[in-house]
>>> print(open('run-v8.pdb').read())   # PDB, C-alpha atoms
ATOM      1  CA  MET A   1     -31.330  33.033  27.724
ATOM      2  CA  LYS A   2     -29.248  30.015  28.630
ATOM      3  CA  ARG A   3     -27.507  28.014  25.917
ATOM      4  CA  ASP A   4     -26.379  24.495  26.594
ATOM      5  CA  HIS A   5     -23.741  23.661  23.982
ATOM      6  CA  ALA A   6     -21.618  21.318  26.074
ATOM      7  CA  PRO A   7     -21.404  17.873  24.456
ATOM      8  CA  ALA A   8     -22.572  14.900  26.440
ATOM      9  CA  LYS A   9     -19.682  13.300  28.281
ATOM     10  CA  ALA A  10     -18.637   9.823  27.227
ATOM     11  CA  PRO A  11     -18.291   7.227  29.967
ATOM     12  CA  ALA A  12     -14.790   7.142  31.463
ATOM     13  CA  SER A  13     -14.255   3.658  30.023
ATOM     14  CA  GLU A  14     -14.757   4.913  26.451
ATOM     15  CA  LEU A  15     -11.621   6.214  24.790
ATOM     16  CA  ARG A  16     -12.202   7.973  21.501
ATOM     17  CA  LEU A  17      -9.391   7.309  19.073
ATOM     18  CA  PRO A  18      -8.728   9.262  15.895
ATOM     19  CA  GLU A  19      -9.469   7.335  12.725
ATOM     20  CA  LEU A  20      -5.888   7.022  11.588
ATOM     21  CA  ASN A  21      -4.857   4.368   9.076
ATOM     22  CA  ARG A  22      -1.733   5.332   7.084
ATOM     23  CA  VAL A  23       1.044   3.173   5.667
ATOM     24  CA  LEU A  24       4.328   4.258   4.083
ATOM     25  CA  LEU A  25       6.581   1.430   2.848
ATOM     26  CA  SER A  26       9.557   1.074   0.572
ATOM     27  CA  GLY A  27      10.611  -2.208  -0.938
ATOM     28  CA  ARG A  28      10.953  -4.357  -4.025
ATOM     29  CA  LEU A  29       8.428  -6.491  -5.877
ATOM     30  CA  THR A  30       8.965 -10.221  -5.334
ATOM     31  CA  ARG A  31       7.029 -11.162  -8.499
ATOM     32  CA  ASP A  32       5.579  -9.431 -11.534
ATOM     33  CA  PRO A  33       2.371  -7.496 -10.785
ATOM     34  CA  ASP A  34      -0.872  -9.461 -11.198
ATOM     35  CA  ARG A  35      -3.256  -7.267 -13.231
ATOM     36  CA  ARG A  36      -6.871  -8.302 -13.741
ATOM     37  CA  TYR A  37     -10.244  -6.669 -14.234
ATOM     38  CA  ALA A  38     -13.273  -6.781 -11.947
ATOM     39  CA  SER A  39     -16.673  -7.678 -13.392
ATOM     40  CA  ASP A  40     -17.473  -3.949 -13.735
ATOM     41  CA  GLY A  41     -14.279  -3.380 -15.771
ATOM     42  CA  THR A  42     -12.240  -1.807 -12.959
ATOM     43  CA  ALA A  43      -8.519  -2.584 -13.245
ATOM     44  CA  VAL A  44      -7.105  -4.272 -10.133
ATOM     45  CA  THR A  45      -3.373  -4.993  -9.770
ATOM     46  CA  SER A  46      -1.724  -6.696  -6.816
ATOM     47  CA  LEU A  47       1.928  -6.031  -6.058
ATOM     48  CA  PRO A  48       3.788  -8.562  -3.884
ATOM     49  CA  LEU A  49       6.193  -6.356  -1.907
ATOM     50  CA  ALA A  50       9.195  -7.276   0.255
ATOM     51  CA  PHE A  51      10.316  -4.666   2.773
ATOM     52  CA  HIS A  52      13.540  -4.761   4.742
ATOM     53  CA  ARG A  53      14.703  -3.296   8.045
ATOM     54  CA  ARG A  54      18.155  -3.155   9.603
ATOM     55  CA  TYR A  55      18.494  -2.314  13.275
ATOM     56  CA  ARG A  56      20.698  -2.824  16.295
ATOM     57  CA  GLY A  57      19.476  -5.506  18.678
ATOM     58  CA  ARG A  58      19.630  -5.246  22.455
ATOM     59  CA  ASP A  59      23.035  -6.899  22.319
ATOM     60  CA  GLY A  60      24.301  -4.077  20.067
ATOM     61  CA  LYS A  61      24.729  -6.328  17.034
ATOM     62  CA  LEU A  62      23.311  -5.426  13.654
ATOM     63  CA  ALA A  63      20.134  -7.394  12.933
ATOM     64  CA  GLU A  64      17.928  -7.625   9.840
ATOM     65  CA  HIS A  65      14.290  -8.444   9.199
ATOM     66  CA  THR A  66      12.461  -8.872   5.897
ATOM     67  CA  GLY A  67       8.664  -8.805   5.716
ATOM     68  CA  TYR A  68       6.194  -9.366   2.910
ATOM     69  CA  VAL A  69       2.864  -7.730   2.130
ATOM     70  CA  THR A  70       0.443  -7.578  -0.789
ATOM     71  CA  VAL A  71      -0.243  -4.080  -2.095
ATOM     72  CA  MET A  72      -3.556  -3.606  -3.939
ATOM     73  CA  THR A  73      -3.996  -0.912  -6.595
ATOM     74  CA  TYR A  74      -7.149   0.076  -8.476
ATOM     75  CA  GLN A  75      -8.211   1.896 -11.652
ATOM     76  CA  ARG A  76      -5.564   4.063 -13.383
ATOM     77  CA  LEU A  77      -2.996   3.341 -10.676
ATOM     78  CA  ALA A  78      -3.479  -0.386 -11.318
ATOM     79  CA  GLU A  79      -3.011   0.108 -15.072
ATOM     80  CA  VAL A  80       0.234   2.074 -14.667
ATOM     81  CA  CYS A  81       1.710  -0.301 -12.074
ATOM     82  CA  GLY A  82       0.801  -3.326 -14.190
ATOM     83  CA  GLN A  83       2.426  -1.779 -17.251
ATOM     84  CA  TYR A  84       5.692  -0.452 -15.816
ATOM     85  CA  LEU A  85       6.598  -2.541 -12.755
ATOM     86  CA  HIS A  86       8.208  -5.994 -12.740
ATOM     87  CA  THR A  87       9.963  -8.416 -10.396
ATOM     88  CA  GLY A  88      12.644  -6.494  -8.480
ATOM     89  CA  SER A  89      11.193  -3.009  -9.113
ATOM     90  CA  ALA A  90      11.908  -0.609  -6.225
ATOM     91  CA  VAL A  91       8.906   1.417  -5.048
ATOM     92  CA  VAL A  92       7.613   3.585  -2.219
ATOM     93  CA  VAL A  93       3.952   2.925  -1.466
ATOM     94  CA  GLU A  94       1.609   5.291   0.369
ATOM     95  CA  GLY A  95      -1.786   4.003   1.429
ATOM     96  CA  ARG A  96      -3.779   2.340   4.180
ATOM     97  CA  LEU A  97      -4.348  -1.101   5.653
ATOM     98  CA  GLN A  98      -7.448  -3.017   4.640
ATOM     99  CA  MET A  99      -8.801  -6.419   5.647
ATOM    100  CA  ARG A 100     -10.119  -8.589   2.828
ATOM    101  CA  GLU A 101     -12.375 -11.559   3.572
ATOM    102  CA  TRP A 102     -13.673 -14.297   1.286
ATOM    103  CA  THR A 103     -14.879 -17.889   1.310
ATOM    104  CA  ASN A 104     -12.660 -20.437  -0.440
ATOM    105  CA  ALA A 105     -13.820 -23.338  -2.630
ATOM    106  CA  ARG A 106     -14.118 -25.609   0.449
ATOM    107  CA  GLY A 107     -16.462 -23.117   2.120
ATOM    108  CA  GLU A 108     -13.864 -21.935   4.638
ATOM    109  CA  LYS A 109     -13.659 -18.262   5.546
ATOM    110  CA  GLN A 110     -10.317 -16.703   4.640
ATOM    111  CA  HIS A 111      -8.913 -13.275   5.412
ATOM    112  CA  ALA A 112      -5.850 -11.234   4.498
ATOM    113  CA  LEU A 113      -4.429  -7.938   5.702
ATOM    114  CA  GLU A 114      -3.265  -5.900   2.696
ATOM    115  CA  VAL A 115      -2.065  -2.403   1.868
ATOM    116  CA  ARG A 116      -4.416  -0.438  -0.336
ATOM    117  CA  ALA A 117      -2.194   1.957  -2.285
ATOM    118  CA  GLU A 118      -3.156   5.564  -2.819
ATOM    119  CA  SER A 119       0.112   6.300  -4.617
ATOM    120  CA  VAL A 120       3.110   4.305  -5.800
ATOM    121  CA  HIS A 121       6.428   6.062  -6.432
ATOM    122  CA  PHE A 122       8.695   4.260  -8.904
ATOM    123  CA  LEU A 123      12.325   4.427  -7.737
ATOM    124  CA  ASP A 124      14.074   2.673 -10.637
ATOM    125  CA  ARG A 125      15.376   4.564 -13.653
ATOM    126  CA  ALA A 126      13.425   4.316 -16.865
ATOM    127  CA  PRO A 127      15.094   1.868 -19.312
ATOM    128  CA  GLY A 128      17.823   3.646 -21.260
ATOM    129  CA  ALA A 129      17.804   6.771 -19.057
ATOM    130  CA  SER A 130      21.065   8.127 -17.663
ATOM    131  CA  ALA A 131      21.383   9.190 -14.016
ATOM    132  CA  ASP A 132      21.217  12.870 -15.105
ATOM    133  CA  GLU A 133      18.032  12.297 -17.107
ATOM    134  CA  SER A 134      16.406  10.484 -14.187
ATOM    135  CA  ALA A 135      17.304  13.319 -11.806
ATOM    136  CA  GLU A 136      15.821  15.905 -14.198
ATOM    137  CA  ARG A 137      12.591  13.950 -14.588
ATOM    138  CA  GLY A 138      12.161  13.449 -10.855
ATOM    139  CA  THR A 139      10.640  10.364  -9.333
ATOM    140  CA  PRO A 140       7.944   8.847 -11.532
ATOM    141  CA  GLU A 141       4.743   8.411  -9.591
ATOM    142  CA  ALA A 142       1.490   6.696 -10.302
ATOM    143  CA  GLY A 143      -1.272   8.818  -8.809
ATOM    144  CA  ALA A 144      -4.121   7.812  -6.571
ATOM    145  CA  GLY A 145      -6.686   5.407  -7.919
ATOM    146  CA  GLU A 146      -9.894   4.843  -6.026
ATOM    147  CA  ASP A 147     -11.813   1.634  -5.892
ATOM    148  CA  PRO A 148     -15.478   2.608  -6.356
ATOM    149  CA  ALA A 149     -16.546  -0.086  -3.866
ATOM    150  CA  HIS A 150     -14.469   1.343  -1.008
TER
END
>>> encode(input="run-v8.pdb", output="structure tokens")
Amino acid sequence: MKRDHAPAKAPASELRLPELNRVLLSGRLTRDPDRRYASDGTAVTSLPLAFHRRYRGRDGKLAEHTGYVTVMTYQRLAEVCGQYLHTGSAVVVEGRLQMREWTNARGEKQHALEVRAESVHFLDRAPGASADESAERGTPEAGAGEDPAH
């Protein structure tokens, strides 16, 4: 009895890539979070995040670059971020990239590349907490919130 379990070979021109889409960023909010609710009642909060990188250029001199990205949070994560974060808050965001497309009022197609957060770690101390209290509590974290549409 002969068994043929070998998978069909893909053409040489086809390269199969793993489905990998992970983002890990640290930075500070450039504005207060924008919390709103979708028509189905789902909380949605956008976090405008600035991230910074220092590096040595080819000439050996220290160089700096600051970038900006919108971080989207949903459900319970959106509620917590909207309640506790503010302009200047330091965070570490874990999530994935997502492309959002829409049509503006003039009928033009628009698109934006955003980070969809799965978790947001708050790095600032709670108001009134000492350094020892913050160390004992550990890093506050808002857990994963899933958008039912995605």
>>> atom_distance(input="run-v8.pdb", atom1="CA of Ser39 (chain A)", atom2="CA of Arg76 (chain A)")
16.2 Å
>>> resolve_selection(input="run-v8.pdb", expression="the PyMOL selection byres ((chain A and resi 95) around 8)", output="MDAnalysis selection string")
chainID A and resid 22:24 93:94 96:97 115:119
>>> atom_distance(input="run-v8.pdb", atom1="CA of His111 (chain A)", atom2="CA of Met99 (chain A)")
6.9 Å
>>> resolve_selection(input="run-v8.pdb", expression="the PyMOL selection byres ((chain A and resi 42) around 9)", output="list in words")
Arg36, Tyr37, Ala38, Ser39, Asp40, Gly41, Ala43, Val44, Tyr74, Gln75, Arg76, Asp147 and Pro148 of chain A
>>> resolve_selection(input="run-v8.pdb", expression="the PyMOL selection byres ((chain A and resi 52) around 12)", output="PyMOL selection string")
chain A and resi 25-29+49-51+53-55+63-69+90
>>> axis_aligned_box(input="run-v8.pdb", around="region 23-31 of chain A", padding_each_side="6 Å", output="lines of an AutoDock Vina configuration file")
center_x = 6.0
center_y = -3.5
center_z = -1.4
size_x = 21.9
size_y = 27.4
size_z = 26.2
>>> residues_around(input="run-v8.pdb", residues="Asp34 (chain A)", least_positions_apart="5", cutoff="7 Å", atoms="all atoms listed in the file", output="number ranges by chain")
A: 45-47
>>> closest_residue(input="run-v8.pdb", among="A:Asp32, A:Glu14, A:Glu19, A:Asp124", to="Gly82 (chain A)", atoms="all atoms listed in the file")
A:Asp32
>>> atom_distance(input="run-v8.pdb", atom1="CA of Arg35 (chain A)", atom2="CA of Glu79 (chain A)")
7.6 Å
